[in-house]
$ cat model.cif   # mmCIF, C-alpha atoms
data_entry
#
loop_
_atom_site.label_atom_id
_atom_site.label_comp_id
_atom_site.auth_asym_id
_atom_site.auth_seq_id
_atom_site.Cartn_x
_atom_site.Cartn_y
_atom_site.Cartn_z
CA MET A 27 0.00 0.00 0.00
CA LYS A 28 1.34 3.39 -0.96
CA PRO A 29 1.79 5.91 1.85
CA ARG A 30 -0.67 8.12 0.04
CA HIS A 31 -3.37 5.44 0.37
CA LYS A 32 -2.53 4.95 4.02
CA LYS A 33 -3.01 8.66 4.60
CA LEU A 34 -6.27 8.66 2.66
CA ILE A 35 -7.60 5.90 4.90
CA ALA A 36 -6.30 7.64 8.02
CA VAL A 37 -7.93 10.96 7.13
CA SER A 38 -11.29 9.57 6.03
CA GLY A 39 -11.38 7.10 8.90
CA GLY A 40 -10.41 9.79 11.39
CA VAL A 41 -13.07 12.20 10.20
CA THR A 42 -15.73 9.47 10.24
CA LEU A 43 -14.77 8.44 13.76
CA LEU A 44 -14.78 12.04 14.96
CA VAL A 45 -18.19 12.77 13.49
CA VAL A 46 -19.68 9.61 14.97
CA ALA A 47 -18.09 10.30 18.36
CA GLY A 48 -19.25 13.90 18.29
CA LEU A 49 -22.80 12.95 17.42
CA LEU A 50 -22.87 10.32 20.17
CA VAL A 51 -21.68 12.87 22.72
CA LEU A 52 -24.27 15.39 21.57
CA ASN A 53 -26.95 12.73 21.69
CA ALA A 54 -25.98 12.02 25.29
CA PHE A 55 -26.33 15.71 26.09
CA ARG A 56 -29.57 15.90 24.21
CA SER A 57 -31.75 16.95 27.08
CA ASN A 58 -29.25 19.58 28.22
CA LEU A 59 -29.16 21.25 24.83
CA VAL A 60 -32.88 21.80 24.81
CA TYR A 61 -33.62 25.49 24.77
CA PHE A 62 -37.08 25.27 26.33
CA ARG A 63 -39.50 22.86 28.02
CA SER A 64 -43.09 22.04 27.17
CA PRO A 65 -45.96 22.55 29.64
CA THR A 66 -46.33 18.77 29.97
CA GLU A 67 -42.67 18.35 30.95
CA ILE A 68 -42.95 21.11 33.53
CA LEU A 69 -46.25 20.07 35.07
CA SER A 70 -45.40 16.36 35.21
CA GLY A 71 -42.31 17.14 37.26
CA GLU A 72 -39.96 15.70 34.61
CA VAL A 73 -37.75 18.72 34.98
CA SER A 74 -36.84 20.68 38.06
CA THR A 75 -39.08 23.70 38.44
CA GLN A 76 -36.64 25.37 40.83
CA GLY A 77 -35.01 28.52 39.54
CA VAL A 78 -35.28 30.12 36.12
CA LEU A 79 -36.54 27.97 33.28
CA ARG A 80 -37.88 28.41 29.77
CA LEU A 81 -41.38 27.37 28.87
CA GLY A 82 -42.27 26.93 25.20
CA GLY A 83 -45.47 26.17 23.33
CA MET A 84 -48.40 27.73 21.55
CA VAL A 85 -50.23 30.77 22.82
CA ASP A 86 -53.69 29.35 23.34
CA LYS A 87 -56.34 30.95 21.16
CA GLY A 88 -58.52 33.41 23.02
CA SER A 89 -56.40 33.28 26.15
CA VAL A 90 -54.53 36.60 25.87
CA LYS A 91 -55.77 39.14 28.41
CA LYS A 92 -54.19 42.57 28.40
CA ILE A 93 -54.59 44.57 31.56
CA PRO A 94 -55.65 48.11 30.56
CA ASP A 95 -53.32 51.06 31.22
CA SER A 96 -50.34 48.81 31.82
CA LEU A 97 -47.92 46.54 30.00
CA LYS A 98 -49.19 43.58 31.99
CA VAL A 99 -50.47 40.64 30.02
CA GLU A 100 -51.69 37.18 30.86
CA PHE A 101 -52.00 34.23 28.48
CA LYS A 102 -51.97 30.45 28.41
CA VAL A 103 -49.18 28.40 26.82
CA THR A 104 -50.15 24.96 25.60
CA ASP A 105 -48.57 21.95 23.90
CA PHE A 106 -52.11 20.66 23.21
CA GLN A 107 -51.87 18.38 26.23
CA LYS A 108 -51.32 20.68 29.20
CA CYS A 109 -51.71 24.41 29.69
CA ILE A 110 -49.80 26.85 31.87
CA THR A 111 -50.92 30.39 32.61
CA VAL A 112 -48.18 32.95 32.05
CA ARG A 113 -48.00 36.45 33.50
CA TYR A 114 -45.69 38.98 31.95
CA GLU A 115 -45.07 42.69 32.13
CA GLY A 116 -43.27 44.28 29.22
CA ILE A 117 -43.24 44.76 25.47
CA LEU A 118 -44.23 41.74 23.42
CA PRO A 119 -42.35 40.91 20.18
CA ASP A 120 -43.98 41.60 16.80
CA LEU A 121 -44.68 37.97 16.09
CA PHE A 122 -46.48 37.39 19.38
CA ARG A 123 -50.07 36.41 18.64
CA GLU A 124 -52.59 33.80 19.56
CA GLY A 125 -51.99 30.42 17.96
CA GLN A 126 -48.28 31.19 17.47
CA GLY A 127 -45.28 29.59 19.11
CA VAL A 128 -43.73 31.39 22.03
CA ILE A 129 -40.85 30.88 24.47
CA THR A 130 -41.04 32.50 27.88
CA GLN A 131 -38.34 32.67 30.49
CA GLY A 132 -39.17 32.98 34.15
CA ARG A 133 -40.14 31.08 37.27
CA LEU A 134 -42.99 28.74 38.08
CA GLN A 135 -44.86 29.96 41.14
CA PRO A 136 -46.26 27.56 43.74
CA ASP A 137 -49.77 28.20 42.35
CA LYS A 138 -48.57 26.84 38.94
CA VAL A 139 -48.63 30.30 37.35
CA PHE A 140 -45.53 31.02 35.31
CA VAL A 141 -44.20 34.54 35.90
CA ALA A 142 -42.08 35.46 32.90
CA ASP A 143 -39.44 38.14 32.67
CA GLN A 144 -38.85 37.56 28.95
CA VAL A 145 -41.20 36.54 26.14
CA LEU A 146 -39.78 35.49 22.76
CA ALA A 147 -41.88 34.70 19.72
CA LYS A 148 -40.95 31.49 17.96
CA HIS A 149 -41.33 31.64 14.22
CA ASP A 150 -42.22 28.55 12.21
CA GLU A 151 -40.68 27.53 8.90
CA LYS A 152 -43.64 28.66 6.78
CA TYR A 153 -43.24 31.70 4.56
CA MET A 154 -46.05 32.96 2.34
CA PRO A 155 -47.74 36.13 1.13
CA PRO A 156 -50.78 37.38 3.11
CA GLU A 157 -53.28 36.45 0.35
CA VAL A 158 -52.20 32.81 0.46
CA ALA A 159 -52.39 32.80 4.25
CA ASN A 160 -55.92 34.19 4.06
CA SER A 161 -57.05 31.48 1.69
CA LEU A 162 -55.64 28.86 4.05
CA LYS A 163 -57.59 30.21 6.99
CA GLY A 164 -60.45 28.18 8.29
CA LYS A 165 -58.38 25.03 8.15
CA ALA A 166 -57.12 25.81 11.64
CA GLY A 167 -57.95 23.46 14.45
CA PRO A 168 -60.25 23.96 17.44
CA LYS A 169 -60.39 27.44 18.84
CA SER A 170 -58.89 26.91 22.25
CA ALA A 171 -56.94 23.84 23.21
CA CYS A 172 -57.12 24.74 26.89
CA GLU A 173 -60.89 25.16 27.06
CA THR A 174 -62.06 22.28 24.88
CA SER A 175 -59.93 19.18 25.15
CA LEU A 176 -58.64 19.55 28.68
CA MET B 5 -5.19 10.68 -13.44
CA PHE B 6 -2.80 12.14 -10.91
CA ASP B 7 -0.36 13.10 -13.65
CA PHE B 8 -3.20 14.95 -15.32
CA LEU B 9 -4.05 16.67 -12.05
CA HIS B 10 -0.47 17.61 -11.37
CA LYS B 11 -0.13 19.18 -14.80
CA TYR B 12 -3.30 21.29 -14.70
CA ALA B 13 -3.35 21.90 -10.99
CA SER B 14 0.14 23.32 -11.13
CA PRO B 15 -0.04 26.82 -9.64
CA ARG B 16 1.31 28.35 -12.84
CA ASN B 17 -1.32 26.85 -15.17
CA PHE B 18 -4.05 27.47 -12.67
CA TYR B 19 -3.03 31.11 -12.34
CA ASP B 20 -3.62 31.69 -16.06
CA PHE B 21 -6.79 29.58 -16.13
CA ALA B 22 -8.30 31.50 -13.20
CA GLY B 23 -7.42 34.78 -14.88
CA ILE B 24 -9.58 33.82 -17.87
CA LEU B 25 -12.43 32.53 -15.69
CA ILE B 26 -12.76 35.46 -13.28
CA PRO B 27 -14.28 38.12 -15.59
CA TRP B 28 -16.95 35.69 -16.83
CA LEU B 29 -17.92 34.53 -13.37
CA ALA B 30 -17.90 38.11 -12.11
CA GLY B 31 -20.36 39.04 -14.86
CA VAL B 32 -22.65 36.15 -13.90
CA THR B 33 -22.46 37.25 -10.24
CA VAL B 34 -23.48 40.82 -11.04
CA VAL B 35 -26.42 39.70 -13.19
CA LEU B 36 -27.68 37.13 -10.67
CA LEU B 37 -27.28 39.49 -7.72
CA ALA B 38 -29.18 42.22 -9.59
CA ILE B 39 -32.05 39.85 -10.47
CA GLY B 40 -32.13 38.25 -7.03
CA LEU B 41 -32.02 41.53 -5.11
CA TYR B 42 -34.64 43.18 -7.31
CA GLN B 43 -36.96 40.20 -6.97
CA GLY B 44 -36.30 39.83 -3.27
CA LEU B 45 -36.49 43.47 -2.27
CA PHE B 46 -39.15 44.79 -4.67
CA LEU B 47 -41.17 42.04 -6.34
CA ALA B 48 -41.52 39.45 -3.58
CA PRO B 49 -44.61 39.92 -1.40
CA PRO B 50 -44.31 40.64 2.32
CA ASP B 51 -44.78 37.61 4.56
CA TYR B 52 -48.15 37.04 6.25
CA GLN B 53 -46.53 37.07 9.69
CA GLN B 54 -43.24 38.90 9.40
CA GLY B 55 -44.25 41.62 6.98
CA GLN B 56 -41.31 43.33 5.31
CA SER B 57 -38.76 41.84 7.70
CA VAL B 58 -38.92 38.62 5.68
CA ARG B 59 -36.60 40.29 3.14
CA ILE B 60 -33.65 39.82 5.48
CA MET B 61 -33.99 36.13 4.62
CA PHE B 62 -32.70 36.73 1.08
CA ILE B 63 -29.30 37.64 2.52
CA HIS B 64 -29.36 35.64 5.73
CA VAL B 65 -30.22 32.20 4.38
CA PRO B 66 -27.75 32.18 1.43
CA ALA B 67 -25.03 33.53 3.75
CA ALA B 68 -25.73 30.76 6.27
CA TRP B 69 -25.72 28.10 3.56
CA MET B 70 -22.45 29.46 2.18
CA SER B 71 -20.88 29.51 5.64
CA MET B 72 -21.30 25.73 5.75
CA PHE B 73 -20.50 25.11 2.07
CA VAL B 74 -17.26 27.11 2.26
CA TYR B 75 -16.27 25.16 5.34
CA MET B 76 -16.70 21.89 3.44
CA VAL B 77 -14.56 23.34 0.62
CA LEU B 78 -11.96 24.36 3.22
CA ALA B 79 -11.93 20.95 4.91
CA GLY B 80 -12.01 19.12 1.56
CA ALA B 81 -9.08 21.15 0.24
CA GLY B 82 -7.28 20.55 3.53
CA ALA B 83 -7.77 16.78 3.20
CA VAL B 84 -6.54 16.76 -0.42
CA GLY B 85 -3.51 18.79 0.67
CA LEU B 86 -2.79 16.34 3.48
CA ILE B 87 -3.08 13.22 1.35
CA TRP B 88 -1.73 14.22 -2.07
CA HIS B 89 0.47 17.17 -1.04
CA LEU B 90 -1.20 19.22 -3.75
CA LYS B 91 0.09 22.76 -3.31
CA LEU B 92 -2.98 24.21 -4.97
CA ALA B 93 -5.27 22.50 -2.46
CA GLU B 94 -3.29 23.95 0.44
CA MET B 95 -3.58 27.40 -1.09
CA THR B 96 -7.32 26.89 -1.69
CA ALA B 97 -7.87 26.17 1.99
CA ALA B 98 -5.92 29.26 3.00
CA ALA B 99 -7.75 31.42 0.46
CA ALA B 100 -11.22 30.15 1.37
CA ALA B 101 -11.05 30.69 5.14
CA PRO B 102 -11.53 34.48 5.29
CA ILE B 103 -14.40 34.29 2.78
CA GLY B 104 -16.14 31.63 4.85
CA ALA B 105 -15.60 33.66 8.01
CA SER B 106 -17.22 36.66 6.30
CA PHE B 107 -20.27 34.64 5.25
CA THR B 108 -20.60 33.28 8.78
CA PHE B 109 -20.35 36.76 10.24
CA LEU B 110 -22.92 38.04 7.76
CA ALA B 111 -25.31 35.22 8.66
CA LEU B 112 -24.93 35.93 12.38
CA VAL B 113 -25.41 39.70 11.99
CA THR B 114 -28.42 39.49 9.66
CA GLY B 115 -29.94 36.82 11.87
CA SER B 116 -29.50 39.07 14.87
CA LEU B 117 -31.11 42.01 13.06
CA TRP B 118 -34.06 39.79 12.18
CA GLY B 119 -34.25 38.25 15.62
CA LYS B 120 -34.74 41.51 17.50
CA PRO B 121 -38.06 42.53 15.86
CA MET B 122 -39.32 38.97 15.26
CA TRP B 123 -38.29 36.94 18.29
CA GLY B 124 -37.77 39.86 20.62
CA THR B 125 -34.07 39.26 21.22
CA TRP B 126 -30.78 39.89 19.41
CA TRP B 127 -29.27 36.65 20.57
CA ALA B 128 -30.25 33.41 22.28
CA TRP B 129 -27.99 30.56 23.27
CA ASP B 130 -29.97 27.98 21.39
CA ALA B 131 -28.32 25.08 19.55
CA ARG B 132 -28.50 26.58 16.03
CA LEU B 133 -27.14 30.01 16.95
CA THR B 134 -24.43 28.59 19.20
CA SER B 135 -23.18 26.05 16.65
CA GLU B 136 -23.03 28.77 13.98
CA LEU B 137 -20.99 30.92 16.35
CA ILE B 138 -18.63 27.96 16.90
CA LEU B 139 -18.26 27.81 13.10
CA LEU B 140 -17.07 31.43 13.12
CA PHE B 141 -14.51 30.57 15.81
CA LEU B 142 -13.35 27.56 13.76
CA TYR B 143 -12.70 29.85 10.79
CA LEU B 144 -10.90 32.39 12.96
CA GLY B 145 -8.90 29.61 14.62
CA PHE B 146 -7.89 28.25 11.22
CA MET B 147 -6.75 31.70 10.09
CA ALA B 148 -4.85 32.34 13.31
CA LEU B 149 -3.12 28.97 13.06
CA GLN B 150 -2.08 29.64 9.46
CA ALA B 151 -0.73 33.04 10.42
CA ALA B 152 1.15 31.70 13.44
CA ILE B 153 3.25 29.14 11.53
CA ASP B 154 5.86 30.56 9.16
CA ASP B 155 6.62 27.42 7.16
CA PRO B 156 3.76 27.18 4.62
CA LYS B 157 3.89 23.35 4.51
CA ARG B 158 3.56 22.95 8.25
CA ALA B 159 0.95 25.70 8.39
CA ALA B 160 -1.12 23.87 5.77
CA ARG B 161 -0.86 20.57 7.67
CA ALA B 162 -1.86 22.05 11.01
CA GLY B 163 -4.69 24.03 9.43
CA ALA B 164 -6.00 20.99 7.56
CA LEU B 165 -6.11 18.95 10.78
CA LEU B 166 -8.03 21.69 12.58
CA ALA B 167 -10.42 22.05 9.64
CA LEU B 168 -11.06 18.29 9.52
CA ILE B 169 -11.74 18.09 13.25
CA GLY B 170 -14.17 20.99 12.89
CA VAL B 171 -16.19 19.09 10.27
CA VAL B 172 -18.08 17.54 13.17
CA ASN B 173 -19.79 20.90 13.65
CA ILE B 174 -21.39 20.96 10.19
CA PRO B 175 -24.05 18.23 10.71
CA VAL B 176 -24.68 19.73 14.15
CA ILE B 177 -25.52 23.10 12.60
CA HIS B 178 -27.73 21.52 9.98
CA PHE B 179 -29.66 19.15 12.21
CA SER B 180 -29.71 21.27 15.37
CA VAL B 181 -33.19 22.59 14.59
CA GLN B 182 -34.52 19.05 14.21
CA TRP B 183 -32.81 17.41 17.14
CA TRP B 184 -33.46 19.95 19.83
CA ASN B 185 -36.08 22.47 20.78
CA THR B 186 -34.53 25.65 19.46
CA LEU B 187 -35.70 29.21 19.15
CA HIS B 188 -34.56 29.07 15.54
CA GLN B 189 -37.21 27.73 13.18
CA PRO B 190 -36.73 24.39 11.36
CA ALA B 191 -35.41 24.23 7.78
CA SER B 192 -37.88 25.44 5.17
CA VAL B 193 -36.02 24.45 2.01
CA SER B 194 -33.19 22.04 2.68
CA SER B 195 -35.18 19.37 4.48
CA ILE B 196 -35.64 15.99 2.77
CA ALA B 197 -39.20 15.72 4.04
CA LYS B 198 -40.07 18.96 2.27
CA ILE B 199 -38.82 18.13 -1.23
CA GLY B 200 -41.68 18.79 -3.60
CA ALA B 201 -43.58 20.69 -0.94
CA PRO B 202 -41.33 23.41 0.49
CA ALA B 203 -42.71 25.45 3.34
CA ILE B 204 -41.94 28.62 1.39
CA HIS B 205 -44.35 30.02 -1.15
CA PRO B 206 -42.82 30.06 -4.69
CA SER B 207 -42.98 33.87 -4.81
CA LEU B 208 -40.52 33.95 -1.88
CA LEU B 209 -38.62 30.78 -2.78
CA TRP B 210 -37.43 31.82 -6.25
CA PRO B 211 -35.60 34.99 -5.20
CA LEU B 212 -34.04 32.96 -2.38
CA LEU B 213 -32.73 30.29 -4.76
CA ILE B 214 -31.42 32.93 -7.21
CA MET B 215 -29.63 34.67 -4.35
CA ALA B 216 -28.17 31.33 -3.23
CA ILE B 217 -26.72 30.70 -6.71
CA ALA B 218 -25.49 34.31 -6.87
CA PHE B 219 -23.69 33.89 -3.53
CA THR B 220 -22.11 30.63 -4.75
CA VAL B 221 -20.76 32.21 -7.96
CA PHE B 222 -19.63 35.24 -5.95
CA PHE B 223 -17.70 32.89 -3.69
CA ALA B 224 -16.07 31.28 -6.73
CA VAL B 225 -14.97 34.70 -8.03
CA VAL B 226 -13.51 35.86 -4.73
CA LEU B 227 -11.86 32.47 -4.13
CA LEU B 228 -10.18 32.56 -7.56
CA MET B 229 -9.00 36.14 -7.03
CA ARG B 230 -7.58 35.29 -3.60
CA LEU B 231 -6.01 32.12 -4.99
CA ARG B 232 -4.22 34.09 -7.71
CA ALA B 233 -2.82 36.45 -5.09
CA GLU B 234 -1.82 33.48 -2.91
CA ILE B 235 -0.09 31.76 -5.86
CA LEU B 236 1.88 34.91 -6.71
CA HIS B 237 2.93 35.27 -3.09
CA ARG B 238 4.07 31.66 -2.60
CA GLU B 239 5.82 31.42 -5.96
CA ARG B 240 7.32 34.88 -5.75
CA TYR B 241 10.90 33.65 -6.27
CA THR B 242 10.14 31.64 -9.41
CA HIS B 243 10.90 32.60 -12.99
CA TRP B 244 7.39 32.50 -14.29
CA VAL B 245 6.12 34.97 -11.70
CA ALA B 246 8.97 37.33 -12.56
CA GLU B 247 7.95 37.06 -16.23
CA ARG B 248 4.26 37.74 -15.46
CA ILE B 249 5.11 40.72 -13.31
CA LYS B 250 7.33 42.29 -15.97
CA SER B 251 4.87 41.94 -18.85
#
$ encode --input "model.cif" --output "structure tokens"
Amino acid sequence: MKPRHKKLIAVSGGVTLLVVAGLLVLNAFRSNLVYFRSPTEILSGEVSTQGVLRLGGMVDKGSVKKIPDSLKVEFKVTDFQKCITVRYEGILPDLFREGQGVITQGRLQPDKVFVADQVLAKHDEKYMPPEVANSLKGKAGPKSACETSL
Amino acid sequence: MFDFLHKYASPRNFYDFAGILIPWLAGVTVVLLAIGLYQGLFLAPPDYQQGQSVRIMFIHVPAAWMSMFVYMVLAGAGAVGLIWHLKLAEMTAAAAAPIGASFTFLALVTGSLWGKPMWGTWWAWDARLTSELILLFLYLGFMALQAAIDDPKRAARAGALLALIGVVNIPVIHFSVQWWNTLHQPASVSSIAKIGAPAIHPSLLWPLLIMAIAFTVFFAVVLLMRLRAEILHRERYTHWVAERIKS
């Protein structure tokens, strides 16, 4: 075998091994790399609710209540299995609306209300002009996941 | 086959060949960029959720794609340099790194500008954003390593090893949005499940694809220009360079 071939095998084998090893390590850290938790995970006690955590899910339709003359807002976050009420005071991002994904950072209170100090809107991968979005309307699911199925 | 490669991949022949290619590719870049930018910034409709901010995508997404593509070129050239001692491959790796770093930086900055109005934050330590930032550090590390070693052969070897180790980051960037809950949205175009049914409306997809091709050809132009400069520098004591400089 020529030294060139030996090197070829060493390089390709090394890179393959590294990638596999790296992916295995990342897979092991999977749960630690998660940016946010779902309401089910939080309410079932799967994750520690001590300290600051991030709660992610959909803003339940019809659940947003703005308190007049203040920046206070209250809404429910759902993963279509469980719901958590979130209280927040501050400016909401442009993409925040009912039926859209959202990630909130804060603490879970003993009464299971999540008090957030940051609200981020999560965008989905769909991009389309408004006319197309309008024609797709009506295909949406039940109005409120928190009121109906739970 | 290797004899053939050695003849045409000799720095001298490649220098002349690249000189012919550059003006043509530059012309293609200008035309594609003009079409893509006009379509993206003026003709494409605003998005139903993001409004006009969607237009940042036409720079952000091609830049992010290129940041990964250039890294694969860099690592590939590094591997070829390691195995076959092809001088041109070593120079390609050195020439590609700053371009890739620029694309990565552009992707991070445009993403940040989009993130503030849309998500509500400039930055989040989610898996996609963090792995892209690591990519920037890999590029910068590669460049620093090259600059720190005076002997070009040893510099190329060390750089190639670093680049190959860093390859592990590329699938992480790509799949991060599928594997983990991230703030960053999943892939709209480059997902196998979405072939034939992309999550982007054609009126927004076409300008994006044109911009992606424009960025790729632009990369080729800049790479060839940098390679020519690199060849002149490394072969500066040879006869043929002296001849080219005189004429």
$ closest_atom_pairs --input "model.cif" --of "chain B" --to "chain A" --cutoff "8 Å" --atoms "all atoms listed in the file" --output "JSON lines"
{"residue": "B:Pro49", "atom": "CA", "partner": "A:Pro155", "partner_atom": "CA", "distance": 5.5}
{"residue": "B:Pro50", "atom": "CA", "partner": "A:Pro155", "partner_atom": "CA", "distance": 5.8}
{"residue": "B:Asp51", "atom": "CA", "partner": "A:Pro155", "partner_atom": "CA", "distance": 4.8}
{"residue": "B:Tyr52", "atom": "CA", "partner": "A:Pro156", "partner_atom": "CA", "distance": 4.1}
{"residue": "B:Gln53", "atom": "CA", "partner": "A:Leu121", "partner_atom": "CA", "distance": 6.7}
{"residue": "B:Gln54", "atom": "CA", "partner": "A:Leu121", "partner_atom": "CA", "distance": 6.9}
{"residue": "B:Ala83", "atom": "CA", "partner": "A:Val37", "partner_atom": "CA", "distance": 7.0}
{"residue": "B:Leu86", "atom": "CA", "partner": "A:Lys33", "partner_atom": "CA", "distance": 7.8}
{"residue": "B:Ile87", "atom": "CA", "partner": "A:Lys33", "partner_atom": "CA", "distance": 5.6}
{"residue": "B:Trp88", "atom": "CA", "partner": "A:Arg30", "partner_atom": "CA", "distance": 6.5}
{"residue": "B:Pro121", "atom": "CA", "partner": "A:Asp120", "partner_atom": "CA", "distance": 6.1}
{"residue": "B:Met122", "atom": "CA", "partner": "A:Leu121", "partner_atom": "CA", "distance": 5.5}
{"residue": "B:Trp123", "atom": "CA", "partner": "A:Ala147", "partner_atom": "CA", "distance": 4.5}
{"residue": "B:Gly124", "atom": "CA", "partner": "A:Pro119", "partner_atom": "CA", "distance": 4.7}
{"residue": "B:Thr125", "atom": "CA", "partner": "A:Leu146", "partner_atom": "CA", "distance": 7.0}
{"residue": "B:Trp129", "atom": "CA", "partner": "A:Tyr61", "partner_atom": "CA", "distance": 7.7}
{"residue": "B:Asp130", "atom": "CA", "partner": "A:Tyr61", "partner_atom": "CA", "distance": 5.6}
{"residue": "B:Ala131", "atom": "CA", "partner": "A:Leu59", "partner_atom": "CA", "distance": 6.6}
{"residue": "B:Leu168", "atom": "CA", "partner": "A:Val41", "partner_atom": "CA", "distance": 6.4}
{"residue": "B:Ile169", "atom": "CA", "partner": "A:Val41", "partner_atom": "CA", "distance": 6.8}
{"residue": "B:Val171", "atom": "CA", "partner": "A:Val45", "partner_atom": "CA", "distance": 7.4}
{"residue": "B:Val172", "atom": "CA", "partner": "A:Val45", "partner_atom": "CA", "distance": 4.8}
{"residue": "B:Val176", "atom": "CA", "partner": "A:Leu49", "partner_atom": "CA", "distance": 7.8}
{"residue": "B:Trp183", "atom": "CA", "partner": "A:Arg56", "partner_atom": "CA", "distance": 7.9}
{"residue": "B:Trp184", "atom": "CA", "partner": "A:Val60", "partner_atom": "CA", "distance": 5.3}
{"residue": "B:Asn185", "atom": "CA", "partner": "A:Val60", "partner_atom": "CA", "distance": 5.2}
{"residue": "B:Thr186", "atom": "CA", "partner": "A:Tyr61", "partner_atom": "CA", "distance": 5.4}
{"residue": "B:Leu187", "atom": "CA", "partner": "A:Lys148", "partner_atom": "CA", "distance": 5.8}
{"residue": "B:His188", "atom": "CA", "partner": "A:Lys148", "partner_atom": "CA", "distance": 7.2}
{"residue": "B:Gln189", "atom": "CA", "partner": "A:Asp150", "partner_atom": "CA", "distance": 5.2}
{"residue": "B:Pro190", "atom": "CA", "partner": "A:Glu151", "partner_atom": "CA", "distance": 5.6}
{"residue": "B:Ala191", "atom": "CA", "partner": "A:Glu151", "partner_atom": "CA", "distance": 6.3}
{"residue": "B:Ser192", "atom": "CA", "partner": "A:Glu151", "partner_atom": "CA", "distance": 5.1}
{"residue": "B:Ala203", "atom": "CA", "partner": "A:Lys152", "partner_atom": "CA", "distance": 4.8}
{"residue": "B:Ile204", "atom": "CA", "partner": "A:Tyr153", "partner_atom": "CA", "distance": 4.6}
{"residue": "B:His205", "atom": "CA", "partner": "A:Met154", "partner_atom": "CA", "distance": 4.9}
{"residue": "B:Ser207", "atom": "CA", "partner": "A:Met154", "partner_atom": "CA", "distance": 7.8}
{"residue": "B:Leu208", "atom": "CA", "partner": "A:Met154", "partner_atom": "CA", "distance": 7.0}
$ write_last_selection --input "model.cif" --atoms "C-alpha atoms" --output "CSV table (one decimal), in the coordinates of the input"
chain,number,residue,atom,x,y,z
B,49,PRO,CA,-44.6,39.9,-1.4
B,50,PRO,CA,-44.3,40.6,2.3
B,51,ASP,CA,-44.8,37.6,4.6
B,52,TYR,CA,-48.2,37.0,6.2
B,53,GLN,CA,-46.5,37.1,9.7
B,54,GLN,CA,-43.2,38.9,9.4
B,83,ALA,CA,-7.8,16.8,3.2
B,86,LEU,CA,-2.8,16.3,3.5
B,87,ILE,CA,-3.1,13.2,1.4
B,88,TRP,CA,-1.7,14.2,-2.1
B,121,PRO,CA,-38.1,42.5,15.9
B,122,MET,CA,-39.3,39.0,15.3
B,123,TRP,CA,-38.3,36.9,18.3
B,124,GLY,CA,-37.8,39.9,20.6
B,125,THR,CA,-34.1,39.3,21.2
B,129,TRP,CA,-28.0,30.6,23.3
B,130,ASP,CA,-30.0,28.0,21.4
B,131,ALA,CA,-28.3,25.1,19.6
B,168,LEU,CA,-11.1,18.3,9.5
B,169,ILE,CA,-11.7,18.1,13.2
B,171,VAL,CA,-16.2,19.1,10.3
B,172,VAL,CA,-18.1,17.5,13.2
B,176,VAL,CA,-24.7,19.7,14.2
B,183,TRP,CA,-32.8,17.4,17.1
B,184,TRP,CA,-33.5,20.0,19.8
B,185,ASN,CA,-36.1,22.5,20.8
B,186,THR,CA,-34.5,25.6,19.5
B,187,LEU,CA,-35.7,29.2,19.2
B,188,HIS,CA,-34.6,29.1,15.5
B,189,GLN,CA,-37.2,27.7,13.2
B,190,PRO,CA,-36.7,24.4,11.4
B,191,ALA,CA,-35.4,24.2,7.8
B,192,SER,CA,-37.9,25.4,5.2
B,203,ALA,CA,-42.7,25.4,3.3
B,204,ILE,CA,-41.9,28.6,1.4
B,205,HIS,CA,-44.4,30.0,-1.2
B,207,SER,CA,-43.0,33.9,-4.8
B,208,LEU,CA,-40.5,34.0,-1.9
$ atom_distance --input "model.cif" --atom1 "atom CA of Gly88 of chain A" --atom2 "atom CA of Glu100 of chain A"
11.1 Å
$ atom_distance --input "model.cif" --atom1 "atom CA of Leu166 of chain B" --atom2 "atom CA of Gly145 of chain B"
8.2 Å
$ residues_around --input "model.cif" --residues "Ile93 of chain A" --least-positions-apart "3" --cutoff "12 Å" --atoms "all atoms listed in the file" --output "PDB file with C-alpha atoms, keeping the file's coordinate frame"
ATOM      1  CA  VAL A  90     -54.530  36.600  25.870  1.00  0.00           C
ATOM      2  CA  SER A  96     -50.340  48.810  31.820  1.00  0.00           C
ATOM      3  CA  LEU A  97     -47.920  46.540  30.000  1.00  0.00           C
ATOM      4  CA  LYS A  98     -49.190  43.580  31.990  1.00  0.00           C
ATOM      5  CA  VAL A  99     -50.470  40.640  30.020  1.00  0.00           C
ATOM      6  CA  GLU A 100     -51.690  37.180  30.860  1.00  0.00           C
ATOM      7  CA  PHE A 101     -52.000  34.230  28.480  1.00  0.00           C
ATOM      8  CA  ARG A 113     -48.000  36.450  33.500  1.00  0.00           C
ATOM      9  CA  TYR A 114     -45.690  38.980  31.950  1.00  0.00           C
ATOM     10  CA  GLU A 115     -45.070  42.690  32.130  1.00  0.00           C
ATOM     11  CA  GLY A 116     -43.270  44.280  29.220  1.00  0.00           C
TER      12      GLY A 116
END
$ atom_distance --input "model.cif" --atom1 "atom CA of Leu78 of chain B" --atom2 "atom CA of Ser116 of chain B"
25.7 Å
$ resolve_selection --input "model.cif" --expression "the PyMOL selection byres ((chain B and resi 94-96) around 12)" --output "PyMOL selection string"
chain B and resi 13-15+18-19+74-93+97-104+150+156-165+167+224+226-239
$ closest_residue --input "model.cif" --among "B:Trp126, B:Ile174, B:Trp210, B:Ala22" --to "Tyr42 of chain B" --atoms "only C-alpha atoms"
B:Trp210
